[in-house]
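Below is target.cif, which holds mmCIF, C-alpha atoms.
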```
data_final
loop_
_atom_site.label_atom_id
_atom_site.label_comp_id
_atom_site.auth_asym_id
_atom_site.auth_seq_id
_atom_site.Cartn_x
_atom_site.Cartn_y
_atom_site.Cartn_z
CA MET A 3 -7.85 -5.37 -6.35
CA THR A 4 -8.16 -6.55 -2.82
CA MET A 5 -4.96 -5.32 -1.20
CA MET A 6 -3.18 -8.13 0.56
CA LEU A 7 -2.40 -6.28 3.76
CA LEU A 8 -0.68 -9.24 5.36
CA HIS A 9 0.04 -9.01 9.05
CA ARG A 10 3.75 -8.91 9.84
CA PRO A 11 5.55 -10.23 12.94
CA ARG A 12 5.57 -8.07 16.06
CA ARG A 13 8.62 -6.01 16.88
CA GLY A 14 9.66 -5.40 20.44
CA VAL A 15 9.88 -7.28 23.68
CA ARG A 16 6.33 -7.32 24.98
CA ALA A 17 3.34 -8.46 22.98
CA VAL A 18 0.60 -5.90 22.40
CA ARG A 19 -2.97 -7.11 22.05
CA ARG A 20 -4.33 -6.03 18.68
CA PRO A 21 -7.40 -3.85 19.41
CA ALA A 22 -10.51 -5.13 17.64
CA GLY A 23 -11.77 -2.89 14.86
CA LEU A 24 -8.53 -0.95 14.49
CA TRP A 25 -7.06 -2.45 11.34
CA LEU A 26 -9.70 -2.47 8.59
CA PRO A 27 -9.82 1.34 8.15
CA LEU A 28 -6.02 1.35 7.91
CA ALA A 29 -6.12 -1.03 4.96
CA TRP A 30 -8.27 1.38 2.98
CA LEU A 31 -6.15 4.33 4.15
CA LEU A 32 -3.14 2.63 2.61
CA LEU A 33 -5.07 1.96 -0.59
CA ALA A 34 -5.97 5.63 -0.82
CA ALA A 35 -2.35 6.64 -0.37
CA LEU A 36 -1.41 4.51 -3.38
CA ALA A 37 -4.31 5.49 -5.60
CA ALA A 38 -2.82 8.48 -7.46
CA ALA A 39 -2.56 7.43 -11.12
CA VAL A 40 0.34 8.29 -13.44
CA PRO A 41 0.59 7.84 -17.22
CA LEU A 42 1.76 4.51 -18.63
CA ALA A 43 5.52 4.28 -19.25
CA ALA A 44 6.13 7.41 -17.17
CA ARG A 45 8.42 5.70 -14.67
CA ALA A 46 11.30 3.30 -14.42
CA ALA A 47 11.50 1.08 -11.36
CA PRO A 48 13.68 -1.64 -9.79
CA GLY A 49 11.12 -4.26 -10.80
CA SER A 50 11.63 -3.60 -14.52
CA ALA A 51 13.73 -6.79 -14.76
CA ILE A 52 10.74 -8.89 -13.64
CA ALA A 53 8.84 -10.65 -16.41
CA TRP A 54 5.44 -9.31 -15.38
CA PRO A 55 2.32 -10.91 -16.88
CA VAL A 56 0.98 -9.28 -20.03
CA ILE A 57 -2.35 -7.68 -19.13
CA LEU A 58 -5.07 -7.78 -21.76
CA PHE A 59 -7.72 -5.12 -22.21
CA PRO A 60 -11.18 -5.60 -23.72
CA ASP A 61 -11.01 -2.66 -26.14
CA LYS A 62 -8.09 -1.04 -27.97
CA HIS A 63 -9.72 2.37 -27.56
CA LEU A 64 -9.44 2.29 -23.78
CA SER A 65 -6.84 4.43 -21.98
CA PRO A 66 -5.16 2.28 -19.31
CA TYR A 67 -3.12 4.03 -16.64
CA TRP A 68 -0.87 3.04 -13.78
CA VAL A 69 -2.18 3.09 -10.26
CA ALA A 70 1.20 1.71 -9.14
CA GLU A 71 3.91 0.58 -11.57
CA LEU A 72 5.75 -1.10 -8.73
CA ILE A 73 4.97 -1.53 -5.08
CA VAL A 74 6.49 -4.04 -2.68
CA GLN A 75 3.88 -4.76 -0.02
CA ASN A 76 5.12 -6.88 2.86
CA LYS A 77 7.90 -8.09 0.52
CA ILE A 78 5.43 -9.01 -2.26
CA PRO A 79 6.10 -7.21 -5.61
CA MET A 80 2.92 -5.89 -7.22
CA GLN A 81 1.76 -3.84 -10.21
CA ILE A 82 -1.65 -2.15 -10.49
CA GLN A 83 -3.19 -0.85 -13.71
CA ALA A 84 -6.69 0.46 -14.35
CA PHE A 85 -9.03 1.93 -16.91
CA ASP A 86 -12.35 3.75 -16.60
CA ILE A 87 -15.53 3.02 -18.52
CA ASP A 88 -18.95 4.65 -18.72
CA GLY A 89 -21.95 2.73 -17.48
CA ASP A 90 -22.32 -1.01 -17.86
CA THR A 91 -19.38 -3.29 -17.00
CA ARG A 92 -20.92 -6.54 -18.27
CA GLN A 93 -18.86 -6.63 -21.46
CA ALA A 94 -15.62 -6.05 -19.56
CA ARG A 95 -16.59 -8.68 -16.98
CA ARG A 96 -17.30 -11.27 -19.69
CA PHE A 97 -13.93 -10.49 -21.26
CA TYR A 98 -12.03 -11.07 -18.01
CA GLN A 99 -14.12 -14.10 -17.10
CA GLU A 100 -13.09 -15.70 -20.38
CA TRP A 101 -9.44 -14.62 -20.16
CA LEU A 102 -8.85 -15.53 -16.52
CA GLY A 103 -11.15 -18.53 -16.73
CA GLY A 104 -8.59 -20.18 -18.99
CA LYS A 105 -5.90 -19.90 -16.31
CA SER A 106 -5.40 -22.01 -13.18
CA ASP A 107 -7.03 -21.33 -9.80
CA PHE A 108 -9.72 -19.11 -11.30
CA SER A 109 -12.08 -17.54 -8.77
CA GLU A 110 -15.00 -15.13 -8.86
CA THR A 111 -16.46 -13.43 -5.82
CA THR A 112 -17.97 -10.20 -4.50
CA LEU A 113 -16.55 -8.23 -1.59
CA GLU A 114 -18.58 -5.34 -0.16
CA GLY A 115 -20.51 -5.15 -3.42
CA ILE A 116 -17.38 -5.11 -5.61
CA PRO A 117 -17.06 -7.97 -8.15
CA ILE A 118 -13.59 -9.53 -8.06
CA LEU A 119 -12.08 -12.03 -10.51
CA GLY A 120 -8.74 -13.75 -10.01
CA ALA A 121 -6.47 -16.45 -11.41
CA ARG A 122 -2.87 -17.64 -11.29
CA ASP A 123 -0.45 -16.81 -14.10
CA GLY A 124 2.94 -18.40 -13.42
CA HIS A 125 4.38 -16.82 -10.28
CA PHE A 126 1.62 -14.22 -10.20
CA ARG A 127 -1.94 -13.84 -9.00
CA ILE A 128 -3.89 -11.57 -11.35
CA THR A 129 -6.90 -9.88 -9.79
CA VAL A 130 -9.52 -7.75 -11.53
CA GLU A 131 -11.90 -5.48 -9.60
CA PHE A 132 -14.87 -3.46 -10.83
CA ARG A 133 -15.22 -0.32 -8.73
CA PRO A 134 -17.74 2.54 -8.98
CA LEU A 135 -16.21 6.02 -9.07
CA PRO A 136 -17.73 9.24 -7.66
CA SER A 137 -17.94 10.56 -11.24
CA GLY A 138 -20.43 7.83 -12.09
CA LYS A 139 -17.91 5.92 -14.19
CA GLN A 140 -16.65 2.44 -13.37
CA GLN A 141 -12.98 1.73 -12.70
CA VAL A 142 -11.64 -1.65 -13.75
CA ARG A 143 -8.51 -2.26 -11.66
CA ILE A 144 -6.07 -5.06 -12.57
CA SER A 145 -3.30 -6.11 -10.20
CA SER A 146 -0.46 -8.59 -10.57
CA ALA A 147 1.14 -9.87 -7.36
CA TRP A 148 4.06 -12.31 -7.13
CA LEU A 149 2.63 -14.88 -4.71
CA HIS A 150 4.04 -18.20 -5.95
CA GLY A 151 7.58 -19.56 -5.89
CA ALA A 152 10.73 -17.74 -4.78
CA VAL A 153 9.88 -14.05 -4.46
CA PRO A 154 12.58 -11.62 -5.74
CA GLN A 155 13.90 -9.29 -3.05
CA LEU A 156 13.62 -5.77 -4.46
CA VAL A 157 14.19 -3.85 -1.22
CA SER A 158 17.77 -3.87 0.03
CA GLU A 159 18.68 -4.00 3.72
CA GLN A 160 20.34 -0.62 3.29
CA LEU A 161 17.09 0.93 2.01
CA GLN A 162 15.18 -0.70 4.87
CA ARG A 163 17.58 0.86 7.39
CA ARG A 164 17.60 4.29 5.74
CA SER A 165 13.83 4.51 5.64
CA TYR A 166 13.11 3.19 9.14
CA LEU A 167 11.71 5.33 11.96
CA ALA A 168 11.55 3.90 15.48
CA VAL A 169 8.19 3.27 17.18
CA PRO A 170 7.52 2.27 20.81
CA MET A 171 8.63 -1.20 21.85
CA GLY A 172 5.95 -3.82 21.38
CA THR A 173 4.04 -1.90 18.72
CA ASP A 174 2.33 -4.19 16.21
CA GLU A 175 3.33 -3.73 12.56
CA PHE A 176 0.39 -4.18 10.21
CA SER A 177 1.82 -3.31 6.81
CA ASP A 178 5.08 -2.23 5.15
CA THR A 179 4.83 -0.90 1.60
CA PHE A 180 7.52 0.49 -0.71
CA SER A 181 6.51 2.33 -3.89
CA PHE A 182 9.13 3.36 -6.44
CA ASP A 183 9.47 6.40 -8.69
CA ALA A 184 12.17 7.14 -11.25
CA ASP A 185 14.57 8.46 -8.59
CA ARG A 186 12.66 8.35 -5.31
CA VAL A 187 11.01 5.76 -3.13
CA ASN A 188 8.22 6.03 -0.59
CA ARG A 189 7.93 3.71 2.37
CA THR A 190 4.57 3.66 4.14
CA THR A 191 4.29 1.62 7.32
CA VAL A 192 1.13 1.07 9.33
CA TRP A 193 1.37 0.28 13.04
CA GLY A 194 -0.87 0.00 16.08
CA ASN A 195 -0.70 -0.24 19.85
CA THR A 196 -2.70 0.61 22.97
CA LEU A 197 -0.68 3.67 23.99
CA SER A 198 -2.02 7.21 23.79
CA VAL A 199 -1.43 9.50 20.83
CA GLU A 200 0.68 11.74 23.06
CA ALA A 201 2.94 8.90 24.23
CA ASN A 202 3.45 7.59 20.69
CA GLU A 203 4.14 11.04 19.24
CA LEU A 204 6.64 11.88 21.97
CA TYR A 205 8.54 8.60 21.54
CA ILE A 206 8.69 8.73 17.72
CA ARG A 207 9.72 12.41 17.69
CA GLU A 208 12.45 12.02 20.32
CA GLN A 209 13.91 8.94 18.65
CA ALA A 210 13.88 10.75 15.31
CA LEU A 211 15.77 13.71 16.80
CA VAL A 212 18.42 11.35 18.15
CA ALA A 213 18.71 9.82 14.64
CA GLY A 214 19.38 13.23 13.06
CA TRP A 215 15.89 14.26 11.92
CA THR A 216 14.55 17.83 12.18
CA VAL A 217 10.94 18.55 13.13
CA LEU A 218 9.31 20.74 10.48
CA SER A 219 5.85 20.83 12.04
CA ARG A 220 3.68 19.30 14.77
CA LYS A 221 -0.02 19.57 15.40
CA THR A 222 -2.57 17.88 17.62
CA ILE A 223 -6.32 18.08 17.03
CA GLN A 224 -9.62 16.69 18.29
CA GLY A 225 -8.71 16.83 21.94
CA GLY A 226 -5.45 14.96 21.52
CA THR A 227 -6.96 12.00 19.70
CA ARG A 228 -5.17 12.86 16.45
CA ALA A 229 -1.71 14.23 15.70
CA GLN A 230 0.61 14.82 12.77
CA VAL A 231 4.38 15.33 12.72
CA VAL A 232 6.48 16.24 9.68
CA LEU A 233 10.20 15.42 9.81
CA ARG A 234 13.15 16.03 7.49
CA ARG A 235 16.62 14.53 7.29
CA GLY A 236 18.80 15.30 4.29
CA GLY A 237 16.78 14.37 1.22
CA GLN A 238 14.15 12.51 3.25
CA GLU A 239 10.80 13.82 4.41
CA ALA A 240 8.50 11.83 6.66
CA VAL A 241 4.90 12.44 7.68
CA ILE A 242 3.63 10.64 10.78
CA ALA A 243 -0.14 10.51 11.32
CA LEU A 244 -1.50 9.20 14.63
CA ALA A 245 -5.11 8.59 15.63
CA HIS A 246 -6.84 7.01 18.62
CA ASN A 247 -10.30 5.52 18.16
CA GLY A 248 -11.02 4.79 21.80
CA VAL A 249 -9.72 1.23 21.47
CA GLY A 250 -6.17 1.60 20.18
CA CYS A 251 -3.78 4.00 18.48
CA SER A 252 -2.97 3.74 14.78
CA ILE A 253 0.32 5.09 13.41
CA VAL A 254 0.93 5.67 9.70
CA ILE A 255 4.47 6.71 8.71
CA SER A 256 5.03 7.88 5.13
CA ASN A 257 8.73 8.45 4.35
CA THR A 258 9.91 9.67 0.95
CA LEU A 259 13.60 9.54 0.13
CA PRO A 260 16.05 9.27 -2.79
CA GLN A 261 16.60 5.74 -4.09
CA ALA A 262 20.37 6.06 -4.15
#
```

Can you dump the structure from the file as structure tokens?
Amino acid sequence: MTMMLLHRPRRGVRAVRRPAGLWLPLAWLLLAALAAAVPLAARAAPGSAIAWPVILFPDKHLSPYWVAELIVQNKIPMQIQAFDIDGDTRQARRFYQEWLGGKSDFSETTLEGIPILGARDGHFRITVEFRPLPSGKQQVRISSAWLHGAVPQLVSEQLQRRSYLAVPMGTDEFSDTFSFDADRVNRTTVWGNTLSVEANELYIREQALVAGWTVLSRKTIQGGTRAQVVLRRGGQEAVIALAHNGVGCSIVISNTLPQA
């Protein structure tokens, strides 16, 4: 799947110029954060009431697994499943070419050497990727994203408020992703600005203390170009990772909290 890391509106009073070359690595960082697989049917999620598309698999002997049973990425509900195969993917590609080729808006392309197929199924865009794994196997990753029509709002305003951590005024928000477990939710936000790591860390930490958070740990490495802060408040735990690449500062906030 090609993650649709859609740029969100700026927050704050002053506009911050988006540093060139800052955002692409963050997209793959977010993908990696969501890549831990769990067994099928292991979780219940708020999106269970959605009539998700039925995903077909080319062989009944395969062992599909969830990459993400439900994520809401920039307000777009998504599911991601996958299966691994040894060696040649041509049979699987022919299967998905035939299946998706019968749907509307079919497309076939290659991005950075990865074949990608896609088509529309009702409200959803189904995307199939063929990715090599370090083990030598091939991962076939199938995503369903609600991109057409009225999108159901699965994240309440209360949950948005509870999971929010303040960043410096004018910081550019790149992505906002909620992923749901049986009783917990993770919110991962990706931000960027032209301030230093030190200035960003100080602001976020001080605002968190005012909001009732406790600092569990802080560390700065690589001459102050990278930092990590771990915070806790009640049942919530947040990890803030900051990095400066010489052009701009990236901020990734991962906050895990109870759903209720």

Coordinates-based distance that separates CA of Ala243 in chain A from CA of Ala229 in chain A (Å, one decimal) = 6.0 Å

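When all atoms listed in the file are used to measure the gap to Arg122 in chain A, the shortest distance among A:Ser109, A:Gln99, A:Asn257, A:Asn195 belongs to A:Ser109.
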
To test the calculation: enclose all listed atoms of range 174-178 of chain A in a box whose edges run along x, y and z, add 8 Å on each side, then state centre and edge lengths in Å to one decimal, as JSON.
```
{"center_x": 2.7, "center_y": -3.2, "center_z": 10.7, "size_x": 20.7, "size_y": 18.0, "size_z": 27.1}
```

Selection result of the PyMOL selection byres ((chain A and resi 130-142) around 6) on this file, as number ranges by chain | A: 3, 84-88, 117-119, 129, 143-144

List the residues matched by the PyMOL selection byres ((chain A and resi 230-239) around 7) in the displayed structure as a PDB file with C-alpha atoms, keeping the file's coordinate frame, ordered by chain and then by residue number.
```pdb
ATOM      1  CA  GLY A 214      19.380  13.230  13.060  1.00  0.00           C
ATOM      2  CA  TRP A 215      15.890  14.260  11.920  1.00  0.00           C
ATOM      3  CA  THR A 216      14.550  17.830  12.180  1.00  0.00           C
ATOM      4  CA  VAL A 217      10.940  18.550  13.130  1.00  0.00           C
ATOM      5  CA  LEU A 218       9.310  20.740  10.480  1.00  0.00           C
ATOM      6  CA  SER A 219       5.850  20.830  12.040  1.00  0.00           C
ATOM      7  CA  ARG A 220       3.680  19.300  14.770  1.00  0.00           C
ATOM      8  CA  LYS A 221      -0.020  19.570  15.400  1.00  0.00           C
ATOM      9  CA  THR A 222      -2.570  17.880  17.620  1.00  0.00           C
ATOM     10  CA  ALA A 229      -1.710  14.230  15.700  1.00  0.00           C
ATOM     11  CA  ALA A 240       8.500  11.830   6.660  1.00  0.00           C
ATOM     12  CA  VAL A 241       4.900  12.440   7.680  1.00  0.00           C
ATOM     13  CA  ILE A 242       3.630  10.640  10.780  1.00  0.00           C
ATOM     14  CA  ALA A 243      -0.140  10.510  11.320  1.00  0.00           C
ATOM     15  CA  LEU A 244      -1.500   9.200  14.630  1.00  0.00           C
ATOM     16  CA  ASN A 257       8.730   8.450   4.350  1.00  0.00           C
ATOM     17  CA  THR A 258       9.910   9.670   0.950  1.00  0.00           C
ATOM     18  CA  LEU A 259      13.600   9.540   0.130  1.00  0.00           C
ATOM     19  CA  PRO A 260      16.050   9.270  -2.790  1.00  0.00           C
TER      20      PRO A 260
END
```

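Matched in the shown structure by the PyMOL selection byres ((chain A and resi 59) around 9): Ile57, Leu58, Pro60, Asp61, Lys62, Leu64, Pro66, Phe85, Ala94, Phe97 and Tyr98 of chain A.
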
Which one is closest to Ala53 in chain A: A:Glu200, A:Asp123, A:Asp185, A:Asp178? Count all atoms listed in the file.
-> A:Asp123

Do you know which residues are at most 6 Å from Phe180 in chain A counting all atoms listed in the file, after dropping those on the same chain fewer than 2 positions away, and could you put them as a list of chain:residue names?
-> A:Ile73, A:Val74, A:Asn188, A:Arg189

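Of note, CA of His125 in chain A and CA of Val56 in chain A are spaced 12.8 Å apart.
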
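Between CA of Ala51 in chain A and CA of Ser165 in chain A the interatomic distance comes to 23.3 Å.
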
Could you give me range 192-228 of chain A completed to N, CA and C atoms, formatted as a PDB file, in the coordinates of the input?
```pdb
ATOM      1  N   VAL A 192       2.326   0.923   8.520  1.00  0.00           N
ATOM      2  CA  VAL A 192       1.130   1.070   9.330  1.00  0.00           C
ATOM      3  C   VAL A 192       1.316   0.254  10.607  1.00  0.00           C
ATOM      4  N   TRP A 193       1.119   0.901  11.747  1.00  0.00           N
ATOM      5  CA  TRP A 193       1.370   0.280  13.040  1.00  0.00           C
ATOM      6  C   TRP A 193       0.160   0.483  13.948  1.00  0.00           C
ATOM      7  N   GLY A 194       0.163  -0.221  15.078  1.00  0.00           N
ATOM      8  CA  GLY A 194      -0.870   0.000  16.080  1.00  0.00           C
ATOM      9  C   GLY A 194      -0.443  -0.489  17.445  1.00  0.00           C
ATOM     10  N   ASN A 195      -0.920   0.203  18.480  1.00  0.00           N
ATOM     11  CA  ASN A 195      -0.700  -0.240  19.850  1.00  0.00           C
ATOM     12  C   ASN A 195      -1.796   0.342  20.744  1.00  0.00           C
ATOM     13  N   THR A 196      -1.679   0.134  22.034  1.00  0.00           N
ATOM     14  CA  THR A 196      -2.700   0.610  22.970  1.00  0.00           C
ATOM     15  C   THR A 196      -2.244   1.830  23.751  1.00  0.00           C
ATOM     16  N   LEU A 197      -1.144   2.452  23.337  1.00  0.00           N
ATOM     17  CA  LEU A 197      -0.680   3.670  23.990  1.00  0.00           C
ATOM     18  C   LEU A 197      -1.497   4.863  23.509  1.00  0.00           C
ATOM     19  N   SER A 198      -1.321   5.982  24.184  1.00  0.00           N
ATOM     20  CA  SER A 198      -2.020   7.210  23.790  1.00  0.00           C
ATOM     21  C   SER A 198      -1.318   7.841  22.585  1.00  0.00           C
ATOM     22  N   VAL A 199      -2.037   8.736  21.922  1.00  0.00           N
ATOM     23  CA  VAL A 199      -1.430   9.500  20.830  1.00  0.00           C
ATOM     24  C   VAL A 199      -0.244  10.302  21.337  1.00  0.00           C
ATOM     25  N   GLU A 200      -0.389  10.923  22.500  1.00  0.00           N
ATOM     26  CA  GLU A 200       0.680  11.740  23.060  1.00  0.00           C
ATOM     27  C   GLU A 200       1.939  10.922  23.316  1.00  0.00           C
ATOM     28  N   ALA A 201       1.780   9.738  23.919  1.00  0.00           N
ATOM     29  CA  ALA A 201       2.940   8.900  24.230  1.00  0.00           C
ATOM     30  C   ALA A 201       3.630   8.422  22.961  1.00  0.00           C
ATOM     31  N   ASN A 202       2.852   8.030  21.960  1.00  0.00           N
ATOM     32  CA  ASN A 202       3.450   7.590  20.690  1.00  0.00           C
ATOM     33  C   ASN A 202       4.170   8.736  19.986  1.00  0.00           C
ATOM     34  N   GLU A 203       3.527   9.891  19.937  1.00  0.00           N
ATOM     35  CA  GLU A 203       4.140  11.040  19.240  1.00  0.00           C
ATOM     36  C   GLU A 203       5.440  11.455  19.906  1.00  0.00           C
ATOM     37  N   LEU A 204       5.439  11.488  21.236  1.00  0.00           N
ATOM     38  CA  LEU A 204       6.640  11.880  21.970  1.00  0.00           C
ATOM     39  C   LEU A 204       7.777  10.903  21.700  1.00  0.00           C
ATOM     40  N   TYR A 205       7.497   9.607  21.762  1.00  0.00           N
ATOM     41  CA  TYR A 205       8.540   8.600  21.540  1.00  0.00           C
ATOM     42  C   TYR A 205       9.102   8.699  20.118  1.00  0.00           C
ATOM     43  N   ILE A 206       8.233   8.714  19.121  1.00  0.00           N
ATOM     44  CA  ILE A 206       8.690   8.730  17.720  1.00  0.00           C
ATOM     45  C   ILE A 206       9.500   9.996  17.452  1.00  0.00           C
ATOM     46  N   ARG A 207       9.020  11.138  17.945  1.00  0.00           N
ATOM     47  CA  ARG A 207       9.720  12.410  17.690  1.00  0.00           C
ATOM     48  C   ARG A 207      11.090  12.427  18.368  1.00  0.00           C
ATOM     49  N   GLU A 208      11.164  11.987  19.620  1.00  0.00           N
ATOM     50  CA  GLU A 208      12.450  12.020  20.320  1.00  0.00           C
ATOM     51  C   GLU A 208      13.448  11.064  19.701  1.00  0.00           C
ATOM     52  N   GLN A 209      13.002   9.883  19.305  1.00  0.00           N
ATOM     53  CA  GLN A 209      13.910   8.940  18.650  1.00  0.00           C
ATOM     54  C   GLN A 209      14.372   9.474  17.297  1.00  0.00           C
ATOM     55  N   ALA A 210      13.499  10.171  16.594  1.00  0.00           N
ATOM     56  CA  ALA A 210      13.880  10.750  15.310  1.00  0.00           C
ATOM     57  C   ALA A 210      14.928  11.851  15.495  1.00  0.00           C
ATOM     58  N   LEU A 211      14.780  12.664  16.538  1.00  0.00           N
ATOM     59  CA  LEU A 211      15.770  13.710  16.800  1.00  0.00           C
ATOM     60  C   LEU A 211      17.139  13.106  17.092  1.00  0.00           C
ATOM     61  N   VAL A 212      17.157  12.027  17.852  1.00  0.00           N
ATOM     62  CA  VAL A 212      18.420  11.350  18.150  1.00  0.00           C
ATOM     63  C   VAL A 212      19.052  10.809  16.858  1.00  0.00           C
ATOM     64  N   ALA A 213      18.214  10.390  15.897  1.00  0.00           N
ATOM     65  CA  ALA A 213      18.710   9.820  14.640  1.00  0.00           C
ATOM     66  C   ALA A 213      19.028  10.884  13.595  1.00  0.00           C
ATOM     67  N   GLY A 214      18.962  12.169  13.971  1.00  0.00           N
ATOM     68  CA  GLY A 214      19.380  13.230  13.060  1.00  0.00           C
ATOM     69  C   GLY A 214      18.269  13.908  12.284  1.00  0.00           C
ATOM     70  N   TRP A 215      17.016  13.616  12.598  1.00  0.00           N
ATOM     71  CA  TRP A 215      15.890  14.260  11.920  1.00  0.00           C
ATOM     72  C   TRP A 215      15.627  15.636  12.530  1.00  0.00           C
ATOM     73  N   THR A 216      15.014  16.513  11.729  1.00  0.00           N
ATOM     74  CA  THR A 216      14.550  17.830  12.180  1.00  0.00           C
ATOM     75  C   THR A 216      13.029  17.859  12.108  1.00  0.00           C
ATOM     76  N   VAL A 217      12.401  18.427  13.121  1.00  0.00           N
ATOM     77  CA  VAL A 217      10.940  18.550  13.130  1.00  0.00           C
ATOM     78  C   VAL A 217      10.536  19.789  12.359  1.00  0.00           C
ATOM     79  N   LEU A 218       9.796  19.609  11.278  1.00  0.00           N
ATOM     80  CA  LEU A 218       9.310  20.740  10.480  1.00  0.00           C
ATOM     81  C   LEU A 218       7.997  21.275  11.030  1.00  0.00           C
ATOM     82  N   SER A 219       7.122  20.379  11.481  1.00  0.00           N
ATOM     83  CA  SER A 219       5.850  20.830  12.040  1.00  0.00           C
ATOM     84  C   SER A 219       5.261  19.754  12.931  1.00  0.00           C
ATOM     85  N   ARG A 220       4.416  20.196  13.879  1.00  0.00           N
ATOM     86  CA  ARG A 220       3.680  19.300  14.770  1.00  0.00           C
ATOM     87  C   ARG A 220       2.314  19.905  15.006  1.00  0.00           C
ATOM     88  N   LYS A 221       1.298  19.076  15.005  1.00  0.00           N
ATOM     89  CA  LYS A 221      -0.020  19.570  15.400  1.00  0.00           C
ATOM     90  C   LYS A 221      -0.847  18.441  15.982  1.00  0.00           C
ATOM     91  N   THR A 222      -1.666  18.813  16.970  1.00  0.00           N
ATOM     92  CA  THR A 222      -2.570  17.880  17.620  1.00  0.00           C
ATOM     93  C   THR A 222      -3.975  18.459  17.544  1.00  0.00           C
ATOM     94  N   ILE A 223      -4.949  17.611  17.190  1.00  0.00           N
ATOM     95  CA  ILE A 223      -6.320  18.080  17.030  1.00  0.00           C
ATOM     96  C   ILE A 223      -7.283  17.116  17.718  1.00  0.00           C
ATOM     97  N   GLN A 224      -8.534  17.508  17.752  1.00  0.00           N
ATOM     98  CA  GLN A 224      -9.620  16.690  18.290  1.00  0.00           C
ATOM     99  C   GLN A 224      -9.306  16.191  19.696  1.00  0.00           C
ATOM    100  N   GLY A 225      -8.938  17.150  20.536  1.00  0.00           N
ATOM    101  CA  GLY A 225      -8.710  16.830  21.940  1.00  0.00           C
ATOM    102  C   GLY A 225      -7.599  15.849  22.196  1.00  0.00           C
ATOM    103  N   GLY A 226      -6.596  15.846  21.334  1.00  0.00           N
ATOM    104  CA  GLY A 226      -5.450  14.960  21.520  1.00  0.00           C
ATOM    105  C   GLY A 226      -5.638  13.571  20.974  1.00  0.00           C
ATOM    106  N   THR A 227      -6.742  13.333  20.264  1.00  0.00           N
ATOM    107  CA  THR A 227      -6.960  12.000  19.700  1.00  0.00           C
ATOM    108  C   THR A 227      -6.346  11.835  18.320  1.00  0.00           C
ATOM    109  N   ARG A 228      -5.851  12.925  17.739  1.00  0.00           N
ATOM    110  CA  ARG A 228      -5.170  12.860  16.450  1.00  0.00           C
ATOM    111  C   ARG A 228      -3.965  13.801  16.475  1.00  0.00           C
TER     112      ARG A 228
END
```
